[in-house]
$ cat upload-v7.txt   # compact mmCIF, C-alpha atoms
# COMPACT_ATOMS: atom_id res chain seq x y z
CA MET A 213 118.32 85.38 92.16
CA SER A 214 116.99 88.91 91.86
CA ASN A 215 113.28 89.36 92.47
CA ILE A 216 113.05 91.90 89.62
CA LEU A 217 114.79 89.61 87.12
CA SER A 218 112.48 86.76 88.07
CA VAL A 219 109.54 88.88 86.81
CA PHE A 220 110.95 88.84 83.28
CA ASN A 221 112.31 85.31 83.48
CA PRO A 222 109.85 83.54 85.80
CA PRO A 223 111.05 80.33 87.50
CA PRO A 224 108.67 77.33 87.50
CA ALA A 225 106.00 77.40 90.21
CA ARG A 226 106.98 75.39 93.31
CA PRO A 227 106.47 75.37 97.06
CA LEU A 228 109.24 77.03 99.09
CA SER A 229 110.91 75.35 102.04
CA ASP A 230 111.21 76.99 105.49
CA GLU A 231 114.92 77.48 104.87
CA GLU A 232 114.26 79.38 101.63
CA VAL A 233 111.71 81.78 103.13
CA GLY A 234 114.16 82.61 105.93
CA THR A 235 112.68 80.84 108.94
CA GLY A 236 115.32 80.96 111.69
CA CYS A 237 117.45 83.49 109.80
CA PHE A 238 118.61 86.25 112.21
CA PRO A 239 119.49 88.99 109.65
CA CYS A 240 116.15 88.40 107.88
CA THR A 241 114.15 88.69 111.12
CA ALA A 242 116.11 91.73 112.38
CA MET A 243 115.76 93.59 109.07
CA GLN A 244 112.08 92.71 108.90
CA ALA A 245 111.54 94.07 112.42
CA LEU A 246 113.36 97.33 111.62
CA THR A 247 111.51 97.80 108.32
CA ALA A 248 108.15 97.06 109.91
CA LEU A 249 108.82 99.47 112.82
CA ALA A 250 109.96 102.29 110.51
CA GLY A 251 107.22 101.78 107.89
CA GLY A 252 104.51 101.29 110.51
CA ALA A 253 105.58 104.41 112.44
CA TYR A 254 105.51 106.45 109.21
CA LEU A 255 101.99 105.24 108.37
CA ALA A 256 100.67 105.62 111.92
CA SER A 257 102.13 109.12 112.37
CA GLY A 258 99.68 110.72 109.95
CA TYR A 259 102.53 112.54 108.19
CA VAL A 260 101.45 110.72 105.00
CA PHE A 261 98.34 112.91 104.66
CA LYS A 262 99.93 116.32 105.22
CA ASP A 263 100.66 118.58 102.28
CA LEU A 264 104.41 119.20 102.02
CA ASP A 265 104.04 122.95 101.42
CA THR A 266 101.11 123.99 103.60
CA GLY A 267 101.20 121.21 106.22
CA LYS A 268 97.40 120.90 106.01
CA ILE A 269 95.34 117.76 105.35
CA ASP A 270 93.03 117.81 102.31
CA LEU A 271 89.90 115.98 103.51
CA LYS A 272 88.64 115.44 99.96
CA LYS A 273 91.83 113.60 99.01
CA ASN A 274 92.22 111.91 102.38
CA PRO A 275 88.77 111.33 103.96
CA MET A 276 88.54 110.30 107.61
CA TRP A 277 87.85 106.62 106.86
CA TRP A 278 91.01 106.50 104.73
CA GLN A 279 93.11 108.23 107.39
CA ARG A 280 91.82 105.85 110.08
CA SER A 281 92.47 102.82 107.84
CA VAL A 282 96.05 103.88 107.06
CA ARG A 283 96.80 104.76 110.70
CA GLY A 284 95.29 101.45 111.84
CA MET A 285 97.34 99.56 109.29
CA GLY A 286 100.45 101.41 110.50
CA THR A 287 99.71 100.41 114.09
CA VAL A 288 99.30 96.76 113.06
CA VAL A 289 102.63 96.92 111.18
CA VAL A 290 104.35 98.44 114.26
CA GLY A 291 102.92 95.60 116.37
CA PHE A 292 104.24 93.09 113.87
CA GLY A 293 107.65 94.81 114.01
CA VAL A 294 107.70 94.56 117.82
CA PHE A 295 106.79 90.85 117.60
CA ARG A 296 109.53 90.13 115.05
CA GLY A 297 111.99 92.26 117.01
CA ALA A 298 111.31 90.15 120.11
CA GLU A 299 111.90 87.03 118.01
CA ALA A 300 115.21 88.46 116.74
CA ILE A 301 116.34 89.26 120.30
CA GLN A 302 115.36 85.73 121.38
CA MET A 303 117.40 84.27 118.49
CA LEU A 304 120.39 86.43 119.47
CA ALA A 305 120.11 85.35 123.12
CA GLU A 306 119.89 81.68 122.12
CA GLY A 307 122.96 82.13 119.89
CA LEU A 308 124.98 83.70 122.73
CA GLU A 309 124.19 80.86 125.16
CA MET B 95 111.15 69.74 93.79
CA SER B 96 114.41 70.39 95.69
CA ALA B 97 115.20 73.66 97.50
CA ASP B 98 117.36 76.31 95.84
CA HIS B 99 120.43 76.44 98.10
CA ALA B 100 122.19 79.08 95.98
CA ARG B 101 119.53 81.63 96.91
CA ASP B 102 120.67 84.62 99.01
CA PRO B 103 118.70 85.57 102.13
CA CYS B 104 116.11 88.28 101.57
CA PRO B 105 117.92 91.34 103.02
CA ILE B 106 120.77 90.75 100.56
CA VAL B 107 118.41 90.22 97.62
CA ILE B 108 116.58 93.48 98.48
CA LEU B 109 119.84 95.45 98.62
CA ASN B 110 120.95 93.82 95.39
CA ASP B 111 117.68 94.76 93.68
CA PHE B 112 117.81 98.30 95.03
CA GLY B 113 121.35 98.75 93.67
CA GLY B 114 120.50 97.12 90.34
CA ALA B 115 117.42 99.27 89.84
CA PHE B 116 119.35 102.42 90.87
CA ALA B 117 122.13 101.64 88.38
CA MET B 118 119.59 100.94 85.64
CA GLY B 119 117.85 104.26 86.35
CA VAL B 120 121.10 106.21 86.37
CA ILE B 121 122.32 104.67 83.10
CA GLY B 122 118.94 105.17 81.42
CA GLY B 123 118.75 108.70 82.85
CA CYS B 124 122.21 109.53 81.46
CA VAL B 125 121.11 108.49 77.97
CA TRP B 126 117.63 110.06 78.15
CA HIS B 127 118.54 113.38 79.81
CA GLY B 128 121.82 113.59 77.88
CA ILE B 129 119.96 113.53 74.57
CA LYS B 130 117.25 115.85 75.92
CA GLY B 131 119.79 118.34 77.30
CA PHE B 132 121.78 118.22 74.08
CA ARG B 133 118.73 118.88 71.90
CA ASN B 134 117.35 121.67 74.12
CA SER B 135 120.64 123.63 74.29
CA PRO B 136 121.78 126.30 71.81
CA TYR B 137 124.66 125.62 69.37
CA GLY B 138 128.02 125.91 71.07
CA GLU B 139 126.55 125.00 74.47
CA ARG B 140 125.22 121.59 73.58
CA ARG B 141 127.84 119.45 75.30
CA TYR B 142 127.63 121.61 78.45
CA GLY B 143 123.81 121.48 78.32
CA ALA B 144 123.83 117.68 78.04
CA ILE B 145 126.25 117.30 80.98
CA SER B 146 124.24 119.74 83.14
CA ALA B 147 120.99 117.90 82.40
CA ILE B 148 122.64 114.56 83.23
CA LYS B 149 124.05 115.94 86.52
CA ALA B 150 120.69 117.40 87.51
CA ARG B 151 118.27 114.67 86.49
CA ALA B 152 120.01 111.25 86.18
CA PRO B 153 120.55 110.72 89.96
CA VAL B 154 116.90 111.64 90.61
CA LEU B 155 115.70 109.08 88.06
CA GLY B 156 118.10 106.51 89.52
CA GLY B 157 116.70 107.20 92.99
CA ASN B 158 113.13 106.76 91.74
CA PHE B 159 114.01 103.46 90.07
CA GLY B 160 115.92 102.35 93.17
CA VAL B 161 113.01 103.08 95.51
CA TRP B 162 110.65 101.18 93.22
CA GLY B 163 113.02 98.21 92.97
CA GLY B 164 113.73 98.11 96.70
CA LEU B 165 110.06 98.32 97.66
CA PHE B 166 109.06 95.73 95.08
CA SER B 167 111.72 93.34 96.28
CA THR B 168 110.73 93.90 99.92
CA PHE B 169 107.08 93.15 99.20
CA ASP B 170 108.01 90.18 96.98
CA CYS B 171 110.05 88.64 99.80
CA SER B 172 107.22 89.26 102.27
CA VAL B 173 104.62 87.70 99.97
CA LYS B 174 106.88 84.67 99.39
CA ALA B 175 107.35 84.26 103.16
CA VAL B 176 103.60 84.41 103.79
CA ARG B 177 102.46 82.21 100.87
CA LYS B 178 105.49 79.84 100.99
CA ARG B 179 105.15 79.36 97.26
CA GLU B 180 107.01 80.66 94.21
CA ASP B 181 104.70 81.52 91.30
CA ALA B 182 103.47 84.40 89.15
CA TRP B 183 101.02 85.66 91.80
CA ASN B 184 103.88 86.78 94.07
CA ALA B 185 104.97 89.48 91.61
CA VAL B 186 101.39 90.60 90.97
CA ILE B 187 100.62 90.94 94.70
CA ALA B 188 103.99 92.63 95.36
CA GLY B 189 103.32 95.02 92.45
CA PHE B 190 99.92 95.86 93.92
CA PHE B 191 101.48 96.79 97.27
CA THR B 192 104.39 98.65 95.65
CA GLY B 193 102.12 100.79 93.48
CA GLY B 194 99.89 101.53 96.45
CA ALA B 195 102.76 102.35 98.80
CA LEU B 196 104.40 104.73 96.33
CA ALA B 197 101.17 106.61 95.68
CA ILE B 198 99.90 106.74 99.27
CA ARG B 199 100.65 110.46 99.64
CA GLY B 200 98.35 111.25 96.71
CA GLY B 201 95.12 110.23 98.48
CA TRP B 202 92.93 107.12 98.41
CA ARG B 203 91.90 107.33 94.73
CA HIS B 204 95.48 107.75 93.56
CA THR B 205 96.59 104.88 95.81
CA ARG B 206 93.87 102.55 94.48
CA ASN B 207 94.49 103.39 90.80
CA SER B 208 98.26 103.17 91.10
CA ALA B 209 98.07 99.82 92.96
CA ILE B 210 95.76 98.27 90.34
CA THR B 211 97.80 99.64 87.42
CA CYS B 212 101.09 98.36 88.85
CA ALA B 213 99.60 94.90 89.58
CA CYS B 214 98.19 94.66 86.02
CA LEU B 215 101.51 95.78 84.50
CA LEU B 216 103.44 93.17 86.45
CA GLY B 217 100.86 90.54 85.54
CA VAL B 218 101.42 91.38 81.87
CA PHE B 219 105.23 91.17 82.31
CA GLU B 220 104.87 87.78 84.03
CA GLY B 221 102.56 86.54 81.29
CA VAL B 222 104.87 87.69 78.50
CA GLY B 223 107.86 86.12 80.30
CA MET B 224 106.02 82.78 80.61
CA MET B 225 104.92 82.96 76.96
CA PHE B 226 108.52 83.47 75.82
CA LEU B 227 109.73 80.63 78.04
CA ARG B 228 107.16 78.27 76.51
CA ALA B 229 107.84 79.47 72.96
CA PHE B 230 111.60 78.97 73.22
CA ALA B 231 111.52 75.78 75.33
CA GLN B 232 113.32 72.80 73.77
CA PRO B 233 110.74 70.34 72.36
CA PRO B 234 111.12 66.78 73.73
CA VAL B 235 113.08 64.58 71.29
CA GLN B 236 111.66 61.12 70.66
CA PRO B 237 114.33 58.41 71.01
CA ILE B 238 115.10 56.25 67.93
CA TYR B 239 115.41 52.54 68.77
CA ALA B 240 117.76 50.17 66.97
CA GLU B 241 114.95 48.05 65.42
CA GLU B 242 113.21 51.07 63.97
CA GLY B 243 116.56 52.27 62.60
CA ALA B 244 117.16 48.84 60.95
CA GLN B 245 113.66 48.89 59.44
CA LEU B 246 114.20 52.36 58.06
CA ALA B 247 117.55 51.30 56.55
CA ALA B 248 115.89 48.31 54.86

$ encode --input "upload-v7.txt" --output "structure tokens"
Amino acid sequence: MSNILSVFNPPPARPLSDEEVGTGCFPCTAMQALTALAGGAYLASGYVFKDLDTGKIDLKKNPMWWQRSVRGMGTVVVGFGVFRGAEAIQMLAEGLE
Amino acid sequence: MSADHARDPCPIVILNDFGGAFAMGVIGGCVWHGIKGFRNSPYGERRYGAISAIKARAPVLGGNFGVWGGLFSTFDCSVKAVRKREDAWNAVIAGFFTGGALAIRGGWRHTRNSAITCACLLGVFEGVGMMFLRAFAQPPVQPIYAEEGAQLAA
């Protein structure tokens, strides 16, 4: 079921099984790794703070603590992507054996 | 409660939501910008004005809706995977992250305000959805036993 439709028509609250959350699902793990690597690289690059026209960073809008937090978060997400990517490769290797 | 085996894996649900939200945005944009273009054009050029406005603006609106839907679905799947539970909080947390992610280029204040607004909005949607479900739920029917029926007949 669509995640957006379930906002308007919420299903009853229940615990989800490992199968439902995608444990051991290769496409889920591979897509998660790719998304985490791309999103994390974007956040960690610092491109988020640059003005599109001038290319300068407005320090009032993006103070240093905020820039460091976002870059740090991006690095953590990249690390998570690498971890999930390794898991996906392991799954693929186990499947080929 | 038993697992839902008809559920698609998350990458498919995210693509599905992205497409659904894009289509919804394009259709809504056609109606909205069609009327706007029609009204803002001079007599004799109204049909052309409506079509030009639709061509220029409807795909942009569809793209905006699609990005929102795709991001929301991505965060919803992630929150479900972490919490391993399906309830109203998933949508609220996913809405918080979606609002924040979309506004991140606007600075920390914009990110904070957008994240909180989006989470509150989704919380309201969830609440209204639950309220409607409760209001229109079938009330339990009390069974009529044979003895009571015989007494009533007498």

$ atom_distance --input "upload-v7.txt" --atom1 "CA of Cys171 (chain B)" --atom2 "CA of Ala242 (chain A)"
14.3 Å

$ closest_residue --input "upload-v7.txt" --among "B:Arg206, B:Arg228, B:Arg179, B:Lys130" --to "chain A" --atoms "only C-alpha atoms"
B:Arg179

$ interface_residues --input "upload-v7.txt" --of "chain A" --to "chain B" --cutoff "8 Å" --atoms "all atoms listed in the file" --output "PyMOL selection string"
chain A and resi 213-216+219-230+232-234+239-240+243+260-261+273-274+278

$ residues_around --input "upload-v7.txt" --residues "Gly293 (chain A)" --least-positions-apart "4" --cutoff "10 Å" --atoms "all atoms listed in the file" --output "count of residues only"
19

$ atom_distance --input "upload-v7.txt" --atom1 "CA of His127 (chain B)" --atom2 "CA of Ala152 (chain B)"
6.9 Å

$ residues_around --input "upload-v7.txt" --residues "Thr192 (chain B)" --least-positions-apart "4" --cutoff "8 Å" --atoms "all atoms listed in the file" --output "PyMOL selection string"
chain B and resi 162+165-166+169+188+196+209+212

$ write_last_selection --input "upload-v7.txt" --atoms "C-alpha atoms" --output "PDB file, keeping the file's coordinate frame"
ATOM      1  CA  TRP B 162     110.650 101.180  93.220  1.00  0.00           C
ATOM      2  CA  LEU B 165     110.060  98.320  97.660  1.00  0.00           C
ATOM      3  CA  PHE B 166     109.060  95.730  95.080  1.00  0.00           C
ATOM      4  CA  PHE B 169     107.080  93.150  99.200  1.00  0.00           C
ATOM      5  CA  ALA B 188     103.990  92.630  95.360  1.00  0.00           C
ATOM      6  CA  LEU B 196     104.400 104.730  96.330  1.00  0.00           C
ATOM      7  CA  ALA B 209      98.070  99.820  92.960  1.00  0.00           C
ATOM      8  CA  CYS B 212     101.090  98.360  88.850  1.00  0.00           C
TER       9      CYS B 212
END

$ residues_around --input "upload-v7.txt" --residues "Gly157 (chain B)" --least-positions-apart "3" --cutoff "9 Å" --atoms "only C-alpha atoms" --output "MDAnalysis selection string"
chainID B and resid 115:116 119:120 152:154 160:162

$ axis_aligned_box --input "upload-v7.txt" --around "region 176-193 of chain B" --padding-each-side "4 Å" --output "AutoDock Vina command-line options"
--center_x 103.5 --center_y 90.1 --center_z 96.5 --size_x 15.1 --size_y 29.4 --size_z 22.6

$ atom_distance --input "upload-v7.txt" --atom1 "CA of Arg280 (chain A)" --atom2 "CA of Gly267 (chain A)"
18.4 Å

$ closest_residue --input "upload-v7.txt" --among "A:Met276, A:Gly284, A:Val294, A:Ala300" --to "Tyr254 (chain A)" --atoms "all atoms listed in the file"
A:Gly284

$ residues_around --input "upload-v7.txt" --residues "Gly131 (chain B)" --least-positions-apart "5" --cutoff "6 Å" --atoms "all atoms listed in the file" --output "count of residues only"
3

$ residues_around --input "upload-v7.txt" --residues "Ile121 (chain B)" --least-positions-apart "3" --cutoff "8 Å" --atoms "all atoms listed in the file" --output "ChimeraX atom specification"
/B:117-118,124-125,152,156

$ write_last_selection --input "upload-v7.txt" --atoms "C-alpha atoms" --output "PDB file, in the coordinates of the input"
ATOM      1  CA  ALA B 117     122.130 101.640  88.380  1.00  0.00           C
ATOM      2  CA  MET B 118     119.590 100.940  85.640  1.00  0.00           C
ATOM      3  CA  CYS B 124     122.210 109.530  81.460  1.00  0.00           C
ATOM      4  CA  VAL B 125     121.110 108.490  77.970  1.00  0.00           C
ATOM      5  CA  ALA B 152     120.010 111.250  86.180  1.00  0.00           C
ATOM      6  CA  GLY B 156     118.100 106.510  89.520  1.00  0.00           C
TER       7      GLY B 156
END

$ decode --input "upload-v7.txt" --residues "chain A" --atoms "C-alpha atoms" --output "compact mmCIF listing (two decimals), in the first residue's frame"
# COMPACT_ATOMS: atom_id res chain seq x y z
CA MET A 213 0.00 0.00 0.00
CA SER A 214 1.14 3.54 -0.71
CA ASN A 215 2.77 5.39 2.17
CA ILE A 216 0.99 8.63 1.19
CA LEU A 217 -2.45 6.98 1.07
CA SER A 218 -1.86 5.41 4.47
CA VAL A 219 -1.64 8.96 5.93
CA PHE A 220 -5.24 9.66 4.96
CA ASN A 221 -6.48 6.14 5.64
CA PRO A 222 -4.27 4.97 8.53
CA PRO A 223 -3.99 1.20 9.10
CA PRO A 224 -4.30 -0.08 12.69
CA ALA A 225 -1.12 0.16 14.77
CA ARG A 226 0.86 -3.11 14.81
CA PRO A 227 4.43 -4.36 15.04
CA LEU A 228 6.11 -5.12 11.69
CA SER A 229 7.88 -8.39 10.99
CA ASP A 230 11.48 -8.57 9.67
CA GLU A 231 10.12 -9.66 6.29
CA GLU A 232 7.89 -6.58 6.05
CA VAL A 233 10.64 -4.08 6.86
CA GLY A 234 12.85 -5.65 4.18
CA THR A 235 15.45 -7.56 6.20
CA GLY A 236 17.35 -9.76 3.74
CA CYS A 237 15.84 -8.00 0.70
CA PHE A 238 18.60 -7.29 -1.87
CA PRO A 239 16.87 -4.52 -3.90
CA CYS A 240 15.91 -2.74 -0.66
CA THR A 241 19.48 -2.85 0.70
CA ALA A 242 21.06 -1.84 -2.64
CA MET A 243 18.69 1.09 -3.13
CA GLN A 244 19.18 2.18 0.47
CA ALA A 245 22.97 2.12 0.01
CA LEU A 246 22.77 4.18 -3.20
CA THR A 247 20.34 6.70 -1.69
CA ALA A 248 22.43 7.06 1.47
CA LEU A 249 25.66 7.51 -0.54
CA ALA A 250 24.12 10.13 -2.86
CA GLY A 251 22.25 12.03 -0.12
CA GLY A 252 25.19 11.88 2.29
CA ALA A 253 27.64 13.10 -0.37
CA TYR A 254 25.32 16.01 -1.19
CA LEU A 255 25.06 17.02 2.48
CA ALA A 256 28.77 16.54 3.19
CA SER A 257 29.89 18.47 0.09
CA GLY A 258 28.77 21.83 1.47
CA TYR A 259 27.00 22.63 -1.81
CA VAL A 260 23.78 22.94 0.26
CA PHE A 261 24.92 26.26 1.76
CA LYS A 262 26.07 28.01 -1.41
CA ASP A 263 23.88 30.62 -3.04
CA LEU A 264 22.88 29.47 -6.53
CA ASP A 265 23.57 32.85 -8.16
CA THR A 266 26.63 34.18 -6.35
CA GLY A 267 28.16 30.90 -5.12
CA LYS A 268 28.83 32.51 -1.72
CA ILE A 269 27.79 31.23 1.72
CA ASP A 270 25.59 33.54 3.83
CA LEU A 271 26.92 33.07 7.38
CA LYS A 272 23.82 34.61 8.94
CA LYS A 273 21.58 32.04 7.26
CA ASN A 274 24.06 29.20 7.62
CA PRO A 275 26.20 29.72 10.76
CA MET A 276 29.30 27.59 11.28
CA TRP A 277 27.66 25.28 13.85
CA TRP A 278 24.88 24.55 11.36
CA GLN A 279 27.32 23.90 8.51
CA ARG A 280 29.38 21.56 10.69
CA SER A 281 26.23 19.73 11.87
CA VAL A 282 24.94 19.21 8.32
CA ARG A 283 28.36 18.13 7.00
CA GLY A 284 28.78 15.76 9.96
CA MET A 285 25.34 14.31 9.36
CA GLY A 286 26.24 13.86 5.68
CA THR A 287 29.42 12.00 6.62
CA VAL A 288 27.46 9.70 8.95
CA VAL A 289 24.95 9.01 6.14
CA VAL A 290 27.81 8.22 3.71
CA GLY A 291 29.23 5.80 6.29
CA PHE A 292 25.84 4.17 6.64
CA GLY A 293 25.64 3.90 2.83
CA VAL A 294 29.04 2.18 2.70
CA PHE A 295 27.93 -0.26 5.43
CA ARG A 296 24.68 -1.10 3.63
CA GLY A 297 26.51 -1.32 0.31
CA ALA A 298 28.89 -3.89 1.81
CA GLU A 299 25.86 -5.82 3.08
CA ALA A 300 24.29 -5.73 -0.40
CA ILE A 301 27.53 -7.01 -2.00
CA GLN A 302 27.69 -9.78 0.63
CA MET A 303 24.08 -10.76 -0.17
CA LEU A 304 24.88 -10.82 -3.89
CA ALA A 305 27.97 -12.97 -3.30
CA GLU A 306 25.99 -15.40 -1.13
CA GLY A 307 23.31 -15.59 -3.84
CA LEU A 308 25.88 -16.40 -6.55
CA GLU A 309 27.45 -19.24 -4.53
